[in-house]
file data.pdb (PDB, C-alpha atoms, pLDDT in the B column)
ATOM      1  CA  MET Z   8    -117.313 -36.459  -5.845  1.00 32.00           C
ATOM      2  CA  ARG Z   9    -114.576 -34.015  -6.742  1.00 28.00           C
ATOM      3  CA  ARG Z  10    -113.668 -33.478  -3.099  1.00 35.00           C
ATOM      4  CA  ALA Z  11    -113.055 -37.163  -2.572  1.00 36.00           C
ATOM      5  CA  ALA Z  12    -110.901 -37.368  -5.690  1.00 38.00           C
ATOM      6  CA  ARG Z  13    -108.895 -34.249  -4.839  1.00 40.00           C
ATOM      7  CA  GLY Z  14    -107.455 -35.769  -1.700  1.00 41.00           C
ATOM      8  CA  ALA Z  15    -105.704 -38.498  -3.669  1.00 42.00           C
ATOM      9  CA  ALA Z  16    -104.675 -36.393  -6.636  1.00 47.00           C
ATOM     10  CA  ALA Z  17    -101.089 -35.770  -7.584  1.00 48.00           C
ATOM     11  CA  MET Z  18    -100.259 -32.105  -8.150  1.00 52.00           C
ATOM     12  CA  LEU Z  19     -98.160 -30.756 -11.025  1.00 55.00           C
ATOM     13  CA  ALA Z  20     -97.235 -27.066 -11.137  1.00 62.00           C
ATOM     14  CA  LEU Z  21     -96.681 -25.523 -14.574  1.00 63.00           C
ATOM     15  CA  VAL Z  22     -95.327 -22.148 -15.577  1.00 58.00           C
ATOM     16  CA  VAL Z  23     -96.938 -20.846 -18.752  1.00 55.00           C
ATOM     17  CA  GLY Z  24     -94.763 -21.021 -21.842  1.00 47.00           C
ATOM     18  CA  ALA Z  25     -95.294 -22.246 -25.395  1.00 44.00           C
ATOM     19  CA  PRO Z  26     -98.491 -24.136 -26.311  1.00 46.00           C
ATOM     20  CA  VAL Z  27     -98.492 -27.832 -25.425  1.00 43.00           C
ATOM     21  CA  ALA Z  28    -100.521 -30.357 -27.416  1.00 44.00           C
ATOM     22  CA  ALA Z  29    -102.421 -32.975 -25.416  1.00 46.00           C
ATOM     23  CA  ASP Z  30    -101.558 -36.482 -26.603  1.00 51.00           C
ATOM     24  CA  ALA Z  31    -104.260 -38.487 -24.861  1.00 53.00           C
ATOM     25  CA  PRO Z  32    -107.954 -37.907 -24.205  1.00 71.00           C
ATOM     26  CA  VAL Z  33    -108.649 -36.485 -20.747  1.00 83.00           C
ATOM     27  CA  ALA Z  34    -111.623 -35.045 -18.906  1.00 93.00           C
ATOM     28  CA  ILE Z  35    -111.307 -31.911 -16.810  1.00 96.00           C
ATOM     29  CA  LEU Z  36    -113.446 -32.338 -13.717  1.00 95.00           C
ATOM     30  CA  ASP Z  37    -113.128 -28.837 -12.354  1.00 97.00           C
ATOM     31  CA  ALA Z  38    -111.128 -25.613 -12.721  1.00 98.00           C
ATOM     32  CA  ARG Z  39    -110.722 -22.532 -10.535  1.00 98.00           C
ATOM     33  CA  LEU Z  40    -108.946 -19.190 -10.689  1.00 98.00           C
ATOM     34  CA  GLU Z  41    -106.796 -18.666  -7.600  1.00 98.00           C
ATOM     35  CA  GLU Z  42    -104.077 -16.530  -6.006  1.00 98.00           C
ATOM     36  CA  PRO Z  43    -105.404 -12.958  -6.235  1.00 98.00           C
ATOM     37  CA  VAL Z  44    -102.887 -10.410  -7.525  1.00 98.00           C
ATOM     38  CA  THR Z  45    -102.910  -6.611  -7.934  1.00 98.00           C
ATOM     39  CA  ARG Z  46    -100.176  -6.190 -10.546  1.00 97.00           C
ATOM     40  CA  TYR Z  47    -102.553  -5.105 -13.329  1.00 97.00           C
ATOM     41  CA  ASP Z  48    -104.250  -1.727 -12.748  1.00 95.00           C
ATOM     42  CA  HIS Z  49    -107.192  -2.157 -15.109  1.00 97.00           C
ATOM     43  CA  GLY Z  50    -110.211  -2.848 -12.895  1.00 96.00           C
ATOM     44  CA  VAL Z  51    -112.635  -3.535 -15.734  1.00 97.00           C
ATOM     45  CA  LEU Z  52    -114.442  -6.107 -13.554  1.00 98.00           C
ATOM     46  CA  GLY Z  53    -115.028  -3.674 -10.695  1.00 96.00           C
ATOM     47  CA  ASP Z  54    -111.830  -3.900  -8.650  1.00 96.00           C
ATOM     48  CA  ALA Z  55    -108.050  -4.035  -9.029  1.00 92.00           C
ATOM     49  CA  VAL Z  56    -107.761  -7.715  -8.097  1.00 97.00           C
ATOM     50  CA  GLU Z  57    -107.128 -10.343 -10.782  1.00 98.00           C
ATOM     51  CA  TRP Z  58    -105.816 -13.935 -10.612  1.00 98.00           C
ATOM     52  CA  GLY Z  59    -102.330 -15.385 -10.894  1.00 98.00           C
ATOM     53  CA  THR Z  60    -103.017 -19.098 -11.217  1.00 98.00           C
ATOM     54  CA  LEU Z  61    -105.432 -21.588 -12.747  1.00 98.00           C
ATOM     55  CA  ARG Z  62    -106.002 -24.849 -10.861  1.00 98.00           C
ATOM     56  CA  LEU Z  63    -107.316 -27.885 -12.761  1.00 97.00           C
ATOM     57  CA  TRP Z  64    -108.513 -31.317 -11.675  1.00 96.00           C
ATOM     58  CA  VAL Z  65    -107.971 -33.672 -14.602  1.00 94.00           C
ATOM     59  CA  ASP Z  66    -109.121 -37.281 -15.023  1.00 91.00           C
ATOM     60  CA  SER Z  67    -106.419 -38.851 -17.185  1.00 82.00           C
ATOM     61  CA  CYS Z  68    -108.520 -41.921 -17.925  1.00 81.00           C
ATOM     62  CA  PRO Z  69    -112.169 -40.951 -18.490  1.00 79.00           C
ATOM     63  CA  GLY Z  70    -114.372 -44.001 -18.751  1.00 76.00           C
ATOM     64  CA  CYS Z  71    -111.992 -46.208 -16.763  1.00 81.00           C
ATOM     65  CA  ALA Z  72    -113.320 -48.144 -13.808  1.00 74.00           C
ATOM     66  CA  ARG Z  73    -110.962 -46.258 -11.478  1.00 75.00           C
ATOM     67  CA  THR Z  74    -110.761 -42.474 -11.683  1.00 72.00           C
ATOM     68  CA  ASP Z  75    -107.195 -41.185 -12.028  1.00 82.00           C
ATOM     69  CA  VAL Z  76    -107.192 -37.529 -11.020  1.00 91.00           C
ATOM     70  CA  GLN Z  77    -104.252 -35.182 -11.339  1.00 91.00           C
ATOM     71  CA  GLU Z  78    -104.302 -31.710  -9.837  1.00 94.00           C
ATOM     72  CA  THR Z  79    -102.465 -29.140 -11.937  1.00 95.00           C
ATOM     73  CA  VAL Z  80    -101.630 -25.550 -11.035  1.00 97.00           C
ATOM     74  CA  ILE Z  81    -100.813 -23.268 -13.961  1.00 97.00           C
ATOM     75  CA  ARG Z  82     -98.994 -20.178 -12.710  1.00 97.00           C
ATOM     76  CA  LEU Z  83     -98.658 -17.110 -14.915  1.00 98.00           C
ATOM     77  CA  PRO Z  84     -95.487 -15.027 -15.127  1.00 98.00           C
ATOM     78  CA  GLU Z  85     -95.412 -11.624 -13.413  1.00 98.00           C
ATOM     79  CA  SER Z  86     -96.239  -9.947 -16.737  1.00 98.00           C
ATOM     80  CA  ARG Z  87     -99.693 -11.583 -17.012  1.00 98.00           C
ATOM     81  CA  VAL Z  88    -102.942 -12.148 -15.102  1.00 98.00           C
ATOM     82  CA  PHE Z  89    -106.161 -14.062 -15.552  1.00 98.00           C
ATOM     83  CA  GLU Z  90    -108.651 -11.204 -15.995  1.00 98.00           C
ATOM     84  CA  ASP Z  91    -111.917 -13.075 -15.800  1.00 98.00           C
ATOM     85  CA  VAL Z  92    -114.918 -13.962 -13.656  1.00 97.00           C
ATOM     86  CA  GLU Z  93    -114.523 -17.745 -13.942  1.00 98.00           C
ATOM     87  CA  ALA Z  94    -112.696 -20.616 -15.604  1.00 98.00           C
ATOM     88  CA  ARG Z  95    -115.050 -22.351 -18.057  1.00 98.00           C
ATOM     89  CA  LEU Z  96    -114.928 -26.089 -18.825  1.00 98.00           C
ATOM     90  CA  ILE Z  97    -115.365 -26.562 -22.580  1.00 97.00           C
ATOM     91  CA  GLY Z  98    -115.436 -29.354 -25.156  1.00 95.00           C
ATOM     92  CA  LEU Z  99    -117.579 -31.084 -27.741  1.00 91.00           C
ATOM     93  CA  ASP Z 100    -118.686 -33.646 -25.144  1.00 88.00           C
ATOM     94  CA  PRO Z 101    -120.122 -31.811 -22.102  1.00 82.00           C
ATOM     95  CA  ARG Z 102    -119.704 -35.029 -20.073  1.00 84.00           C
ATOM     96  CA  ALA Z 103    -115.930 -34.974 -20.625  1.00 88.00           C
ATOM     97  CA  PRO Z 104    -114.728 -31.381 -21.199  1.00 94.00           C
ATOM     98  CA  GLY Z 105    -111.175 -31.394 -22.474  1.00 95.00           C
ATOM     99  CA  ALA Z 106    -110.109 -27.773 -21.970  1.00 97.00           C
ATOM    100  CA  VAL Z 107    -110.651 -24.648 -19.914  1.00 98.00           C
ATOM    101  CA  MET Z 108    -111.432 -21.250 -21.481  1.00 98.00           C
ATOM    102  CA  VAL Z 109    -110.292 -18.091 -19.695  1.00 98.00           C
ATOM    103  CA  VAL Z 110    -109.350 -14.476 -20.421  1.00 98.00           C
ATOM    104  CA  GLU Z 111    -105.619 -13.942 -19.974  1.00 98.00           C
ATOM    105  CA  SER Z 112    -104.203 -10.405 -20.008  1.00 98.00           C
ATOM    106  CA  ASP Z 113    -100.656  -9.222 -20.571  1.00 98.00           C
ATOM    107  CA  LEU Z 114     -99.662  -6.039 -18.744  1.00 98.00           C
ATOM    108  CA  SER Z 115     -98.375  -4.440 -21.956  1.00 98.00           C
ATOM    109  CA  ARG Z 116    -100.459  -6.182 -24.669  1.00 98.00           C
ATOM    110  CA  GLY Z 117    -103.953  -6.479 -23.219  1.00 98.00           C
ATOM    111  CA  ALA Z 118    -106.239  -9.498 -23.299  1.00 98.00           C
ATOM    112  CA  ARG Z 119    -106.463 -12.713 -25.273  1.00 98.00           C
ATOM    113  CA  LEU Z 120    -108.729 -15.771 -25.048  1.00 98.00           C
ATOM    114  CA  SER Z 121    -106.722 -18.780 -23.845  1.00 98.00           C
ATOM    115  CA  LEU Z 122    -107.543 -22.488 -23.775  1.00 98.00           C
ATOM    116  CA  TYR Z 123    -105.706 -24.616 -21.207  1.00 98.00           C
ATOM    117  CA  THR Z 124    -105.484 -28.330 -20.479  1.00 95.00           C
ATOM    118  CA  GLY Z 125    -103.641 -30.220 -17.769  1.00 92.00           C
ATOM    119  CA  ALA Z 126    -100.610 -30.135 -20.070  1.00 93.00           C
ATOM    120  CA  GLY Z 127    -100.553 -26.327 -20.260  1.00 95.00           C
ATOM    121  CA  LEU Z 128    -101.600 -23.860 -22.939  1.00 97.00           C
ATOM    122  CA  LEU Z 129    -103.451 -25.579 -25.781  1.00 97.00           C
ATOM    123  CA  ALA Z 130    -104.293 -22.565 -27.972  1.00 98.00           C
ATOM    124  CA  ALA Z 131    -104.907 -18.832 -27.735  1.00 98.00           C
ATOM    125  CA  THR Z 132    -106.079 -15.907 -29.806  1.00 98.00           C
ATOM    126  CA  PRO Z 133    -103.625 -13.025 -30.338  1.00 98.00           C
ATOM    127  CA  PHE Z 134    -103.361 -10.378 -27.628  1.00 98.00           C
ATOM    128  CA  ILE Z 135    -105.421  -7.294 -28.504  1.00 98.00           C
ATOM    129  CA  GLY Z 136    -102.192  -5.319 -28.648  1.00 98.00           C
ATOM    130  CA  GLN Z 137    -102.217  -2.673 -25.908  1.00 97.00           C
ATOM    131  CA  PRO Z 138    -102.831  -2.571 -22.150  1.00 98.00           C
ATOM    132  CA  HIS Z 139    -106.265  -1.966 -20.633  1.00 98.00           C
ATOM    133  CA  ARG Z 140    -108.010  -3.582 -23.582  1.00 98.00           C
ATOM    134  CA  TRP Z 141    -110.231  -6.548 -22.706  1.00 98.00           C
ATOM    135  CA  LEU Z 142    -112.536  -9.150 -24.242  1.00 98.00           C
ATOM    136  CA  ALA Z 143    -115.633 -10.843 -22.837  1.00 98.00           C
ATOM    137  CA  PRO Z 144    -116.283 -14.551 -23.560  1.00 98.00           C
ATOM    138  CA  VAL Z 145    -119.648 -15.528 -25.045  1.00 98.00           C
ATOM    139  CA  ALA Z 146    -119.625 -19.258 -25.795  1.00 97.00           C
ATOM    140  CA  ALA Z 147    -117.692 -22.402 -26.640  1.00 98.00           C
ATOM    141  CA  ALA Z 148    -119.571 -25.041 -28.620  1.00 97.00           C
ATOM    142  CA  ASP Z 149    -120.014 -26.578 -32.051  1.00 97.00           C
ATOM    143  CA  LEU Z 150    -121.865 -23.521 -33.278  1.00 98.00           C
ATOM    144  CA  ASP Z 151    -122.550 -24.684 -36.849  1.00 96.00           C
ATOM    145  CA  GLY Z 152    -122.889 -28.451 -36.501  1.00 95.00           C
ATOM    146  CA  ASP Z 153    -119.701 -29.346 -38.384  1.00 95.00           C
ATOM    147  CA  GLY Z 154    -118.227 -31.420 -35.555  1.00 96.00           C
ATOM    148  CA  THR Z 155    -115.534 -28.932 -34.522  1.00 97.00           C
ATOM    149  CA  LEU Z 156    -115.403 -26.618 -31.538  1.00 97.00           C
ATOM    150  CA  GLU Z 157    -115.851 -22.877 -31.946  1.00 98.00           C
ATOM    151  CA  VAL Z 158    -115.191 -20.236 -29.298  1.00 98.00           C
ATOM    152  CA  ALA Z 159    -116.672 -16.743 -29.316  1.00 98.00           C
ATOM    153  CA  TYR Z 160    -116.049 -13.491 -27.484  1.00 98.00           C
ATOM    154  CA  VAL Z 161    -116.815  -9.783 -27.745  1.00 98.00           C
ATOM    155  CA  ASP Z 162    -113.661  -7.885 -28.629  1.00 98.00           C
ATOM    156  CA  ARG Z 163    -113.467  -4.746 -26.429  1.00 98.00           C
ATOM    157  CA  PRO Z 164    -117.138  -4.760 -25.377  1.00 98.00           C
ATOM    158  CA  HIS Z 165    -116.918  -1.115 -24.231  1.00 98.00           C
ATOM    159  CA  LEU Z 166    -115.088   0.210 -27.311  1.00 98.00           C
ATOM    160  CA  ALA Z 167    -114.924  -1.882 -30.505  1.00 98.00           C
ATOM    161  CA  LYS Z 168    -117.997  -4.049 -29.671  1.00 98.00           C
ATOM    162  CA  VAL Z 169    -117.163  -6.775 -32.206  1.00 98.00           C
ATOM    163  CA  LEU Z 170    -118.282 -10.385 -31.812  1.00 98.00           C
ATOM    164  CA  ARG Z 171    -115.488 -12.689 -32.992  1.00 98.00           C
ATOM    165  CA  VAL Z 172    -115.752 -16.454 -33.567  1.00 98.00           C
ATOM    166  CA  TRP Z 173    -112.723 -18.763 -33.800  1.00 98.00           C
ATOM    167  CA  ARG Z 174    -112.546 -22.449 -34.730  1.00 98.00           C
ATOM    168  CA  LEU Z 175    -110.296 -24.842 -32.796  1.00 97.00           C
ATOM    169  CA  GLU Z 176    -108.507 -27.430 -34.935  1.00 96.00           C
ATOM    170  CA  GLY Z 177    -105.840 -29.363 -33.065  1.00 94.00           C
ATOM    171  CA  ASP Z 178    -103.887 -26.724 -31.167  1.00 95.00           C
ATOM    172  CA  THR Z 179    -104.733 -23.841 -33.508  1.00 96.00           C
ATOM    173  CA  LEU Z 180    -107.478 -21.215 -33.290  1.00 98.00           C
ATOM    174  CA  THR Z 181    -108.537 -19.647 -36.605  1.00 98.00           C
ATOM    175  CA  GLU Z 182    -110.907 -16.696 -36.814  1.00 98.00           C
ATOM    176  CA  ILE Z 183    -113.893 -17.580 -39.021  1.00 98.00           C
ATOM    177  CA  GLY Z 184    -116.314 -14.718 -38.467  1.00 97.00           C
ATOM    178  CA  ALA Z 185    -116.917 -11.277 -36.955  1.00 98.00           C
ATOM    179  CA  LEU Z 186    -119.999  -9.127 -36.424  1.00 98.00           C
ATOM    180  CA  GLU Z 187    -120.024  -5.493 -35.288  1.00 98.00           C
ATOM    181  CA  ASN Z 188    -122.193  -3.470 -32.889  1.00 98.00           C
ATOM    182  CA  LEU Z 189    -122.669  -6.145 -30.208  1.00 98.00           C
ATOM    183  CA  THR Z 190    -121.727  -6.203 -26.529  1.00 98.00           C
ATOM    184  CA  ASN Z 191    -122.117  -8.228 -23.338  1.00 98.00           C
ATOM    185  CA  HIS Z 192    -120.389  -6.235 -20.579  1.00 98.00           C
ATOM    186  CA  ARG Z 193    -120.380  -2.795 -18.959  1.00 98.00           C
ATOM    187  CA  ILE Z 194    -117.296  -1.363 -17.242  1.00 97.00           C
ATOM    188  CA  GLY Z 195    -117.302  -2.351 -13.566  1.00 97.00           C
ATOM    189  CA  TRP Z 196    -119.634  -5.343 -13.877  1.00 98.00           C
ATOM    190  CA  ASP Z 197    -118.421  -8.457 -12.051  1.00 97.00           C
ATOM    191  CA  HIS Z 198    -120.349 -10.649 -14.502  1.00 97.00           C
ATOM    192  CA  ILE Z 199    -120.761 -11.106 -18.262  1.00 98.00           C
ATOM    193  CA  ALA Z 200    -124.255 -10.834 -19.731  1.00 98.00           C
ATOM    194  CA  GLY Z 201    -125.776 -13.203 -22.278  1.00 97.00           C
ATOM    195  CA  GLY Z 202    -124.445 -16.518 -23.479  1.00 98.00           C
ATOM    196  CA  LEU Z 203    -125.487 -19.550 -25.492  1.00 98.00           C
ATOM    197  CA  ARG Z 204    -128.913 -21.127 -25.948  1.00 98.00           C
ATOM    198  CA  ASP Z 205    -130.508 -23.814 -28.101  1.00 97.00           C
ATOM    199  CA  CYS Z 206    -134.270 -23.533 -28.388  1.00 96.00           C
ATOM    200  CA  GLY Z 207    -134.545 -26.515 -30.731  1.00 95.00           C
ATOM    201  CA  GLY Z 208    -133.180 -24.979 -33.902  1.00 93.00           C
ATOM    202  CA  GLY Z 209    -129.474 -25.107 -33.110  1.00 95.00           C
ATOM    203  CA  PRO Z 210    -127.106 -22.983 -31.016  1.00 97.00           C
ATOM    204  CA  GLU Z 211    -127.603 -19.225 -30.798  1.00 98.00           C
ATOM    205  CA  MET Z 212    -125.521 -16.636 -28.990  1.00 98.00           C
ATOM    206  CA  VAL Z 213    -127.557 -14.045 -27.065  1.00 98.00           C
ATOM    207  CA  LEU Z 214    -126.048 -10.575 -26.680  1.00 98.00           C
ATOM    208  CA  ALA Z 215    -126.994  -6.903 -26.498  1.00 98.00           C
ATOM    209  CA  SER Z 216    -126.829  -4.384 -29.295  1.00 98.00           C
ATOM    210  CA  GLY Z 217    -123.945  -1.946 -29.004  1.00 98.00           C
ATOM    211  CA  ASP Z 218    -126.130   0.730 -27.383  1.00 98.00           C
ATOM    212  CA  TRP Z 219    -127.799  -1.770 -24.989  1.00 98.00           C
ATOM    213  CA  SER Z 220    -131.251  -1.030 -26.430  1.00 98.00           C
ATOM    214  CA  ARG Z 221    -131.971  -4.424 -28.059  1.00 98.00           C
ATOM    215  CA  LEU Z 222    -131.545  -8.134 -27.413  1.00 98.00           C
ATOM    216  CA  VAL Z 223    -129.862  -9.928 -30.332  1.00 98.00           C
ATOM    217  CA  ALA Z 224    -129.528 -13.615 -31.240  1.00 98.00           C
ATOM    218  CA  VAL Z 225    -126.580 -14.595 -33.447  1.00 98.00           C
ATOM    219  CA  ARG Z 226    -126.098 -17.830 -35.395  1.00 98.00           C
ATOM    220  CA  LEU Z 227    -123.153 -19.277 -37.262  1.00 98.00           C
ATOM    221  CA  GLU Z 228    -124.378 -21.014 -40.433  1.00 95.00           C
ATOM    222  CA  ALA Z 229    -122.483 -21.969 -43.591  1.00 90.00           C
ATOM    223  CA  GLY Z 230    -119.509 -19.921 -42.473  1.00 90.00           C
ATOM    224  CA  TYR Z 231    -121.491 -16.721 -41.875  1.00 95.00           C
ATOM    225  CA  LEU Z 232    -122.738 -14.939 -38.768  1.00 98.00           C
ATOM    226  CA  SER Z 233    -126.321 -13.672 -38.902  1.00 97.00           C
ATOM    227  CA  ALA Z 234    -128.209 -11.662 -36.294  1.00 98.00           C
ATOM    228  CA  ARG Z 235    -131.889 -11.224 -35.494  1.00 97.00           C
ATOM    229  CA  ASP Z 236    -133.648  -8.916 -33.087  1.00 98.00           C
ATOM    230  CA  LEU Z 237    -135.276 -10.441 -29.985  1.00 98.00           C
ATOM    231  CA  GLY Z 238    -136.857  -7.270 -28.609  1.00 98.00           C
ATOM    232  CA  ARG Z 239    -136.001  -4.607 -26.083  1.00 98.00           C
ATOM    233  CA  TYR Z 240    -133.028  -5.312 -23.819  1.00 98.00           C
ATOM    234  CA  GLY Z 241    -133.542  -5.789 -20.098  1.00 97.00           C
ATOM    235  CA  SER Z 242    -132.365  -8.200 -17.395  1.00 96.00           C
ATOM    236  CA  ALA Z 243    -135.684 -10.073 -17.310  1.00 97.00           C
ATOM    237  CA  ALA Z 244    -135.848 -10.199 -21.094  1.00 98.00           C
ATOM    238  CA  LEU Z 245    -132.288 -11.529 -21.243  1.00 98.00           C
ATOM    239  CA  GLU Z 246    -133.065 -14.220 -18.678  1.00 97.00           C
ATOM    240  CA  GLY Z 247    -136.172 -15.225 -20.618  1.00 98.00           C
ATOM    241  CA  ALA Z 248    -134.317 -15.343 -23.938  1.00 98.00           C
ATOM    242  CA  LEU Z 249    -131.590 -17.585 -22.527  1.00 98.00           C
ATOM    243  CA  ALA Z 250    -134.320 -19.888 -21.137  1.00 97.00           C
ATOM    244  CA  CYS Z 251    -136.110 -19.928 -24.534  1.00 97.00           C
ATOM    245  CA  ARG Z 252    -139.170 -18.188 -23.118  1.00 95.00           C
TER     246      ARG Z 252
END
call {"tool": "encode", "arguments": {"input": "data.pdb", "output": "C-alpha cells"}}
result
Amino acid sequence: MRRAARGAAAMLALVVGAPVAADAPVAILDARLEEPVTRYDHGVLGDAVEWGTLRLWVDSCPGCARTDVQETVIRLPESRVFEDVEARLIGLDPRAPGAVMVVESDLSRGARLSLYTGAGLLAATPFIGQPHRWLAPVAAADLDGDGTLEVAYVDRPHLAKVLRVWRLEGDTLTEIGALENLTNHRIGWDHIAGGLRDCGGGPEMVLASGDWSRLVAVRLEAGYLSARDLGRYGSAALEGALACR
C-alpha cells in the first residue's frame, strides 16, 4: 500500500532548525533513516556509519476517502547524525502515529532523543552534553494511563545506566521520572534489547539490570517508576518476557 502511495507523493526537503508545531492531525505511514555518513567517529552500534537524513511518508488527511501522501526528507546539518538502528513510528493511536522517534547525535554534544513530524522537529530532550555519549530508546506509549504520551530511554546504557521517562505535552518534553542501574545495550550491538509489553495489567518496560544478571520490569504509576525482578537475564528469557510467557 505504501509503495503505491509513494509514487504519487509530493516531496518536501527540510533542513533541521527550531522545533515546528504541527497544526493539523496527520498520520505517518512510514519512516526510514537514509544517506549513510561517516562524520561521527563513535561506532557504538558496531561500525562508523550513521545516517544523515530521515525520510517520512505522511498522510495529511487520515480518515479521508482519498489518501493524500506527502514525502518529506529531513536532512541534518554537518554537525549532527542520526545514531540509531531505526526510525520508530509513535503516537497514542497506533493506527495513526503522529511522530517519529529517533536518536540524534551532535558531534560535540552527544545524543538526544528527538521526535519529528512531516513539519520538522516537534520536540527533543537536551543533548547529553559531550561527544561519544549515547542513549538507547525503550518505549513510547501512554505508560500510566493518563491520556498523554510518554517516551523512555536509557541514558548512557554503558556508563550511567539510568532509565529516564519524559512526557510529551504539545511540543514540549518534560522529564517525569528516572531509575538507576538499568540497561538495554552493549557496546557494538546493532540492536537494542528489551522494550514494552502489556500482559493485561498495563504497560511495562522490560530491561536488564545494570550488570546484565537480571531481567527487570518497570512501571510508571502515580508519577513514580517502580521495578520488579523477572528472573535471570538471557536472550530466551527476554523474548519470553516480552511475549508475556
call {"tool": "residues_around", "arguments": {"input": "data.pdb", "residues": "stretch 164-172 of chain Z", "least_positions_apart": "6", "cutoff": "12 Å", "atoms": "only C-alpha atoms", "output": "PyMOL selection string"}}
result
chain Z and resi 51+119-120+132+135+139-151+156-158+180-196+199-200+212-219+223-228+230-234
call {"tool": "closest_residue", "arguments": {"input": "data.pdb", "among": "Z:Leu63, Z:Ala130, Z:Leu237, Z:Leu83", "to": "Z:Glu42", "atoms": "all atoms listed in the file"}}
result
Z:Leu83
call {"tool": "atom_distance", "arguments": {"input": "data.pdb", "atom1": "atom CA of Z:Ser67", "atom2": "atom CA of Z:Val80"}}
result
15.4 Å
call {"tool": "residues_around", "arguments": {"input": "data.pdb", "residues": "Z:Asp54", "least_positions_apart": "2", "cutoff": "10 Å", "atoms": "all atoms listed in the file", "output": "ChimeraX atom specification"}}
result
/Z:45,48-52,56-57,195-197
call {"tool": "resolve_selection", "arguments": {"input": "data.pdb", "expression": "the PyMOL selection byres ((chain Z and resi 93-105) around 6)", "output": "list in words"}}
result
Val33, Ala34, Ile35, Ala38, Arg39, Asp91, Val92, Ala106, Val107, Met108 and Val109 of chain Z
call {"tool": "closest_residue", "arguments": {"input": "data.pdb", "among": "Z:Leu36, Z:Ile81, Z:Cys251, Z:Val161", "to": "Z:Glu211", "atoms": "all atoms listed in the file"}}
result
Z:Cys251
call {"tool": "residues_around", "arguments": {"input": "data.pdb", "residues": "Z:Ala243", "least_positions_apart": "6", "cutoff": "12 Å", "atoms": "all atoms listed in the file", "output": "PyMOL selection string"}}
result
chain Z and resi 200-201+222+249-250+252
call {"tool": "axis_aligned_box", "arguments": {"input": "data.pdb", "around": "stretch 137-148 of chain Z", "padding_each_side": "4 Å", "output": "JSON"}}
result
{"center_x": -110.9, "center_y": -13.5, "center_z": -24.6, "size_x": 25.4, "size_y": 31.1, "size_z": 16.0}
call {"tool": "atom_distance", "arguments": {"input": "data.pdb", "atom1": "atom CA of Z:Thr124", "atom2": "atom CA of Z:Val65"}}
result
8.3 Å
call {"tool": "closest_residue", "arguments": {"input": "data.pdb", "among": "Z:Gly247, Z:Gly53, Z:Gly177, Z:Pro133", "to": "Z:Cys206", "atoms": "only C-alpha atoms"}}
result
Z:Gly247
call {"tool": "atom_distance", "arguments": {"input": "data.pdb", "atom1": "atom CA of Z:Leu40", "atom2": "atom CA of Z:Leu128"}}
result
15.0 Å
call {"tool": "closest_residue", "arguments": {"input": "data.pdb", "among": "Z:Gly238, Z:Pro32, Z:Gly202, Z:Gly207", "to": "Z:Gly70", "atoms": "all atoms listed in the file"}}
result
Z:Pro32
call {"tool": "resolve_selection", "arguments": {"input": "data.pdb", "expression": "the PyMOL selection byres ((chain Z and resi 89) around 6)", "output": "count of residues only"}}
result
6
